[in-house]
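Notes for the one structure printed next.
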Amino acid sequence: MDTSKFNQFVRDIYRTNNFIPLHEPRFLGNEKKYVLDTIDSTFVSSVGAYVNDFEAKVQQFTGCAKVIATVNGTAALHIALLLAGVKRDDIVITQALTFVATCNALSYIGAEPLFIDVSLKTLGLCPKALDAYLQENAFIDDQGVCKHKATNKRISAIVPMHTFGHPVEIDELQQVVTKWNIALVEDAAESLGSYYKGKHTGTFGLVSALSFNGNKVITTGGGGMILCQDEELGIRAKHITTTAKIPHPYEFYHDENGFNYRLPNLNAALGCAQMEGLEIFLAKKRDLAQQYQNFFKDSDISFVVEPEDCRSNYWLNAVICKDKAQRDLILDETNSNKVMTRPIWTLMTKLPMYQNALQGDLTNSLWLEERVVNIPSSVPLE
């Protein structure tokens, strides 16, 4: 690939010769108005009308039974795992090709990750690799609990991530976890506005997590959301994310260990305004992805497109290089010319915290780690 042509192509899209970030937020509507309204009201913390309004907007958009806003996506995933019944010393299956927050959330509980390979079609947890690993390394005990043969530890949950907003093969994963009595918790942090067979991501698992970090499709500055398929579970989520305080006009009584994880009203105001522009953002991001796909169609580089039966939000556009040398050349030449690109994450198994973790064959993950590059994905202004 001629990197200079790519740099110019990106500059033409964003109409600037200045630095082009990987993904920056767009504030084109009522963001200032709503944020100033919270300041005028003095309700800037975790109590305020915008928190409820933001939750209602996300609930309606995703079609989820109950949603709870949190301070960030990692906090949402932490609580999601607790709600799914994950306990200390449990094994939780996830993918090695993920952002570190996925593993950090389960480590807060004291659970151990078990890394399974990803699919080249989705970049997310592979159902075939999962089933093959469980067939060889797991069993169901007399109480119906899935156990790991070598350690005799309970395998309590799997956490697939919808990588860059591209949905995993979630129905096949559901079939596997049902057979093995394992809870499904979706890391949907990157996939607001993505659908699998017409159903929004994050609504397949028992409980799931979204992120509204500054680099996501929409942002609350920092923020996340717990998605619950059971309304009672959602009520419990709200309780334990609000310090487990029993409602009372003036008494402070807490009935269990809780968390101060609720999203502040100030952030929720930003989210409400962003939700008003979400459909426009998604349409422009799909158009951007199509432009990239056309640019790379006659290239030796492959543009990552949405999987079959899916509608992706194309949060971060990505390409797959022919080898690591080409990847590194592109990274060097784009970043030195103020066009921000980034490699995919270092595999979790290569980080000091998780290098001794249980793992299956990671052939696809290792292959992708050496070849994937994320390219500028902000919503174009024109």
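Naming scheme: A, B, ... for chains in displayed order of the structure tokens; residues 1 onward per chain; ligands 1 onward as shown.
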
Considering only C-alpha atoms, give me a table of residues in range 226-322 of chain A that are at most 12 Å from range 170-181 of chain A, with the closest atom pair and distance in Å for each, as a Markdown table.
| residue | atom | partner | partner_atom | distance |
| --- | --- | --- | --- | --- |
| A:Pro307 | CA | A:Ile170 | CA | 11.6 |
| A:Asp309 | CA | A:Ile170 | CA | 11.2 |
| A:Cys310 | CA | A:Ile170 | CA | 10.7 |

Can you check which parts of range 189-299 of chain A lie within 10 Å of range 374-377 of chain A? Per residue, the shortest pair of atoms and distance in Å to one decimal, counting only C-alpha atoms, sorted by chain and number, as a Markdown table.
| residue | atom | partner | partner_atom | distance |
| --- | --- | --- | --- | --- |
| A:Asn215 | CA | A:Ser377 | CA | 9.7 |
| A:Val217 | CA | A:Ser377 | CA | 9.5 |
| A:Lys285 | CA | A:Ser377 | CA | 7.3 |
| A:Leu288 | CA | A:Ser377 | CA | 7.7 |
| A:Ala289 | CA | A:Ser377 | CA | 8.3 |
| A:Tyr292 | CA | A:Ile375 | CA | 9.4 |

From the list A:Asn30, A:Ser302, A:Thr243, A:Thr151, the nearest residue to Cys321 in chain A using only C-alpha atoms is A:Ser302

Which of range 105-303 of chain A DSSP labels alpha helix (DSSP H), written as a ChimeraX atom specification | /A:105-109,127-137,170-180,231-240,265-276,278-296

Could those selected residues go to a file with C-alpha atoms, as a JSON list (two decimals), in the first residue's frame?
[["chain", "number", "residue", "atom", "x", "y", "z"],
["A", 105, "ALA", "CA", -13.16, -6.45, 35.83],
["A", 106, "LEU", "CA", -13.05, -10.16, 36.59],
["A", 107, "SER", "CA", -9.80, -9.78, 38.56],
["A", 108, "TYR", "CA", -11.60, -7.35, 40.93],
["A", 109, "ILE", "CA", -13.73, -10.31, 42.02],
["A", 127, "PRO", "CA", -17.80, -20.68, 19.56],
["A", 128, "LYS", "CA", -16.09, -23.65, 17.88],
["A", 129, "ALA", "CA", -12.85, -23.06, 19.79],
["A", 130, "LEU", "CA", -14.86, -22.68, 23.00],
["A", 131, "ASP", "CA", -16.80, -25.90, 22.53],
["A", 132, "ALA", "CA", -13.68, -27.85, 21.57],
["A", 133, "TYR", "CA", -11.82, -26.65, 24.65],
["A", 134, "LEU", "CA", -14.68, -27.49, 27.00],
["A", 135, "GLN", "CA", -15.14, -30.93, 25.46],
["A", 136, "GLU", "CA", -11.51, -31.74, 26.23],
["A", 137, "ASN", "CA", -10.95, -29.84, 29.48],
["A", 170, "ILE", "CA", -23.58, -14.85, 19.83],
["A", 171, "ASP", "CA", -26.30, -17.42, 19.13],
["A", 172, "GLU", "CA", -23.69, -20.17, 18.68],
["A", 173, "LEU", "CA", -22.01, -19.09, 21.91],
["A", 174, "GLN", "CA", -25.41, -19.25, 23.63],
["A", 175, "GLN", "CA", -25.83, -22.84, 22.51],
["A", 176, "VAL", "CA", -22.44, -23.78, 23.94],
["A", 177, "VAL", "CA", -22.94, -22.11, 27.32],
["A", 178, "THR", "CA", -26.44, -23.58, 27.68],
["A", 179, "LYS", "CA", -25.01, -27.06, 27.15],
["A", 180, "TRP", "CA", -22.32, -26.43, 29.77],
["A", 231, "GLU", "CA", -35.96, -6.46, 35.55],
["A", 232, "GLU", "CA", -35.41, -7.77, 39.09],
["A", 233, "LEU", "CA", -31.72, -8.17, 38.30],
["A", 234, "GLY", "CA", -31.71, -4.55, 37.15],
["A", 235, "ILE", "CA", -33.23, -3.42, 40.44],
["A", 236, "ARG", "CA", -30.47, -5.24, 42.28],
["A", 237, "ALA", "CA", -27.87, -3.64, 39.99],
["A", 238, "LYS", "CA", -29.12, -0.19, 40.91],
["A", 239, "HIS", "CA", -29.08, -1.08, 44.61],
["A", 240, "ILE", "CA", -25.50, -2.34, 44.79],
["A", 265, "ASN", "CA", -26.04, 13.70, 36.49],
["A", 266, "LEU", "CA", -23.46, 15.97, 34.83],
["A", 267, "ASN", "CA", -22.22, 13.10, 32.67],
["A", 268, "ALA", "CA", -25.72, 11.82, 32.00],
["A", 269, "ALA", "CA", -26.71, 15.24, 30.62],
["A", 270, "LEU", "CA", -23.96, 14.90, 28.05],
["A", 271, "GLY", "CA", -25.19, 11.40, 27.26],
["A", 272, "CYS", "CA", -28.75, 12.57, 26.68],
["A", 273, "ALA", "CA", -27.60, 15.08, 24.10],
["A", 274, "GLN", "CA", -25.33, 12.50, 22.46],
["A", 275, "MET", "CA", -28.19, 10.00, 22.20],
["A", 276, "GLU", "CA", -30.15, 12.58, 20.20],
["A", 278, "LEU", "CA", -26.69, 8.69, 17.68],
["A", 279, "GLU", "CA", -28.56, 7.65, 14.54],
["A", 280, "ILE", "CA", -26.77, 10.33, 12.53],
["A", 281, "PHE", "CA", -23.40, 9.28, 13.96],
["A", 282, "LEU", "CA", -24.04, 5.65, 13.06],
["A", 283, "ALA", "CA", -25.07, 6.50, 9.50],
["A", 284, "LYS", "CA", -21.97, 8.63, 8.96],
["A", 285, "LYS", "CA", -19.72, 5.95, 10.42],
["A", 286, "ARG", "CA", -21.16, 3.35, 8.06],
["A", 287, "ASP", "CA", -20.58, 5.70, 5.15],
["A", 288, "LEU", "CA", -16.98, 6.21, 6.32],
["A", 289, "ALA", "CA", -16.48, 2.44, 6.51],
["A", 290, "GLN", "CA", -17.74, 2.09, 2.94],
["A", 291, "GLN", "CA", -15.25, 4.70, 1.75],
["A", 292, "TYR", "CA", -12.43, 2.79, 3.43],
["A", 293, "GLN", "CA", -13.65, -0.49, 1.97],
["A", 294, "ASN", "CA", -13.58, 1.04, -1.52],
["A", 295, "PHE", "CA", -10.09, 2.47, -0.93],
["A", 296, "PHE", "CA", -8.63, -0.91, 0.08]]

- prompt: A:Met225, A:Val304, A:Met348, A:Ala76: which is nearest Lys57 in chain A, counting only C-alpha atoms?
  reply: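 Answer, going by the shortest atom-to-atom distance: A:Met225.
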
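Residue nearest Leu28 in chain A within the list A:Leu381, A:Val51, A:Leu368, A:Phe259: A:Leu381 [criterion: smallest interatomic distance, only C-alpha atoms].
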
### Message
Applying 12 Å and only C-alpha atoms, which residues near range 18-22 of chain A remain after dropping the ones on its own chain fewer than 6 positions away? List them as a PyMOL selection string.
### Response
chain A and resi 7-12+214-216+315-318+334-343+373-380

Given the choices A:Tyr314, A:Tyr354, A:Phe43, A:Tyr261, which gets closest to Asn72 in chain A if the distance is worked out from only C-alpha atoms?
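Checking each candidate against Asn72 in chain A, we get A:Tyr261 as the closest.
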
- prompt: Which residue, A:Ala209, A:Ser46, A:Cys126, A:Gly193, has the smallest gap to Thr241 in chain A when you use only C-alpha atoms?
  reply: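 Distance minimum relative to Thr241 in chain A lands on A:Ser46.
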
Check your understanding: At what distance in Å, to one decimal, does CA of Val86 in chain A lie from CA of Lys149 in chain A?
Key ->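 CA of Val86 in chain A lies 18.5 Å from CA of Lys149 in chain A.
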
- Could you write out, as a VMD selection string, all the residues of range 63-166 of chain A that DSSP marks as strand (DSSP E)? chain A and resid 66 to 70 91 to 95 112 to 116 138 to 140 146 to 148 155 to 159

Take the residues from that selection and put them in a file with N, CA and C atoms, as a PDB file, in the first residue's frame.
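Output file again-v6.pdb is given in full below:
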ATOM      1  N   LYS A  66     -33.904  -3.681  31.392  1.00  0.00           N
ATOM      2  CA  LYS A  66     -33.536  -2.731  32.439  1.00  0.00           C
ATOM      3  C   LYS A  66     -32.083  -2.324  32.248  1.00  0.00           C
ATOM      4  N   VAL A  67     -31.793  -1.040  32.358  1.00  0.00           N
ATOM      5  CA  VAL A  67     -30.416  -0.564  32.234  1.00  0.00           C
ATOM      6  C   VAL A  67     -30.072   0.330  33.419  1.00  0.00           C
ATOM      7  N   ILE A  68     -28.804   0.270  33.837  1.00  0.00           N
ATOM      8  CA  ILE A  68     -28.330   1.048  34.972  1.00  0.00           C
ATOM      9  C   ILE A  68     -27.049   1.763  34.564  1.00  0.00           C
ATOM     10  N   ALA A  69     -27.028   3.079  34.679  1.00  0.00           N
ATOM     11  CA  ALA A  69     -25.862   3.867  34.288  1.00  0.00           C
ATOM     12  C   ALA A  69     -24.791   3.810  35.369  1.00  0.00           C
ATOM     13  N   THR A  70     -23.536   3.687  34.944  1.00  0.00           N
ATOM     14  CA  THR A  70     -22.409   3.594  35.867  1.00  0.00           C
ATOM     15  C   THR A  70     -21.312   4.579  35.474  1.00  0.00           C
ATOM     16  N   ILE A  91     -13.358 -19.685  37.479  1.00  0.00           N
ATOM     17  CA  ILE A  91     -12.739 -19.463  36.171  1.00  0.00           C
ATOM     18  C   ILE A  91     -13.757 -18.772  35.272  1.00  0.00           C
ATOM     19  N   VAL A  92     -13.325 -17.721  34.596  1.00  0.00           N
ATOM     20  CA  VAL A  92     -14.172 -17.013  33.635  1.00  0.00           C
ATOM     21  C   VAL A  92     -13.477 -17.060  32.277  1.00  0.00           C
ATOM     22  N   ILE A  93     -14.186 -17.545  31.280  1.00  0.00           N
ATOM     23  CA  ILE A  93     -13.624 -17.675  29.937  1.00  0.00           C
ATOM     24  C   ILE A  93     -13.809 -16.379  29.162  1.00  0.00           C
ATOM     25  N   THR A  94     -12.746 -15.916  28.543  1.00  0.00           N
ATOM     26  CA  THR A  94     -12.823 -14.738  27.690  1.00  0.00           C
ATOM     27  C   THR A  94     -11.780 -14.871  26.587  1.00  0.00           C
ATOM     28  N   GLN A  95     -11.615 -13.830  25.805  1.00  0.00           N
ATOM     29  CA  GLN A  95     -10.673 -13.853  24.699  1.00  0.00           C
ATOM     30  C   GLN A  95      -9.378 -13.140  25.081  1.00  0.00           C
ATOM     31  N   GLU A 112     -10.416 -16.029  37.887  1.00  0.00           N
ATOM     32  CA  GLU A 112      -9.269 -16.270  37.024  1.00  0.00           C
ATOM     33  C   GLU A 112      -9.717 -16.328  35.561  1.00  0.00           C
ATOM     34  N   PRO A 113      -8.990 -15.674  34.651  1.00  0.00           N
ATOM     35  CA  PRO A 113      -9.346 -15.777  33.240  1.00  0.00           C
ATOM     36  C   PRO A 113      -8.855 -17.088  32.624  1.00  0.00           C
ATOM     37  N   LEU A 114      -9.612 -17.566  31.669  1.00  0.00           N
ATOM     38  CA  LEU A 114      -9.198 -18.676  30.823  1.00  0.00           C
ATOM     39  C   LEU A 114      -9.368 -18.189  29.395  1.00  0.00           C
ATOM     40  N   PHE A 115      -8.293 -18.146  28.635  1.00  0.00           N
ATOM     41  CA  PHE A 115      -8.314 -17.501  27.331  1.00  0.00           C
ATOM     42  C   PHE A 115      -8.544 -18.500  26.197  1.00  0.00           C
ATOM     43  N   ILE A 116      -9.556 -18.191  25.382  1.00  0.00           N
ATOM     44  CA  ILE A 116      -9.929 -18.995  24.223  1.00  0.00           C
ATOM     45  C   ILE A 116      -9.726 -18.159  22.961  1.00  0.00           C
ATOM     46  N   ALA A 138     -13.251 -29.843  30.343  1.00  0.00           N
ATOM     47  CA  ALA A 138     -14.268 -29.545  31.355  1.00  0.00           C
ATOM     48  C   ALA A 138     -15.208 -30.725  31.540  1.00  0.00           C
ATOM     49  N   PHE A 139     -15.970 -30.704  32.633  1.00  0.00           N
ATOM     50  CA  PHE A 139     -16.993 -31.709  32.887  1.00  0.00           C
ATOM     51  C   PHE A 139     -18.106 -31.081  33.723  1.00  0.00           C
ATOM     52  N   ILE A 140     -19.270 -31.705  33.699  1.00  0.00           N
ATOM     53  CA  ILE A 140     -20.407 -31.280  34.518  1.00  0.00           C
ATOM     54  C   ILE A 140     -20.484 -32.212  35.716  1.00  0.00           C
ATOM     55  N   CYS A 146     -20.365 -26.694  35.922  1.00  0.00           N
ATOM     56  CA  CYS A 146     -19.263 -26.897  34.985  1.00  0.00           C
ATOM     57  C   CYS A 146     -17.939 -26.726  35.730  1.00  0.00           C
ATOM     58  N   LYS A 147     -17.077 -27.734  35.624  1.00  0.00           N
ATOM     59  CA  LYS A 147     -15.787 -27.703  36.316  1.00  0.00           C
ATOM     60  C   LYS A 147     -14.648 -27.885  35.323  1.00  0.00           C
ATOM     61  N   HIS A 148     -13.524 -27.286  35.666  1.00  0.00           N
ATOM     62  CA  HIS A 148     -12.306 -27.448  34.881  1.00  0.00           C
ATOM     63  C   HIS A 148     -11.581 -28.696  35.370  1.00  0.00           C
ATOM     64  N   ILE A 155     -16.197 -23.229  36.346  1.00  0.00           N
ATOM     65  CA  ILE A 155     -16.218 -22.301  35.211  1.00  0.00           C
ATOM     66  C   ILE A 155     -17.585 -21.639  35.235  1.00  0.00           C
ATOM     67  N   SER A 156     -17.641 -20.403  35.702  1.00  0.00           N
ATOM     68  CA  SER A 156     -18.944 -19.795  35.995  1.00  0.00           C
ATOM     69  C   SER A 156     -19.501 -18.912  34.888  1.00  0.00           C
ATOM     70  N   ALA A 157     -18.637 -18.376  34.010  1.00  0.00           N
ATOM     71  CA  ALA A 157     -19.132 -17.443  32.994  1.00  0.00           C
ATOM     72  C   ALA A 157     -18.188 -17.383  31.805  1.00  0.00           C
ATOM     73  N   ILE A 158     -18.726 -16.925  30.678  1.00  0.00           N
ATOM     74  CA  ILE A 158     -17.888 -16.524  29.552  1.00  0.00           C
ATOM     75  C   ILE A 158     -18.167 -15.052  29.265  1.00  0.00           C
ATOM     76  N   VAL A 159     -17.134 -14.361  28.810  1.00  0.00           N
ATOM     77  CA  VAL A 159     -17.260 -12.935  28.476  1.00  0.00           C
ATOM     78  C   VAL A 159     -16.711 -12.693  27.070  1.00  0.00           C
TER      79      VAL A 159
END

Residues near Met161 in chain A, anyone? I mean within 9 Å using only C-alpha atoms, not counting same-chain ones fewer than 5 positions away, as an NGL selection string. :A and (94-95 or 98 or 102 or 123-125 or 166-168 or 186-191)

Subject >> Pick from A:Lys153, A:Lys350, A:Arg262, A:Lys322, whichever lies nearest to Gly48 in chain A using only C-alpha atoms >> reply: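 Counting only C-alpha atoms, the residue closest to Gly48 in chain A is A:Arg262.
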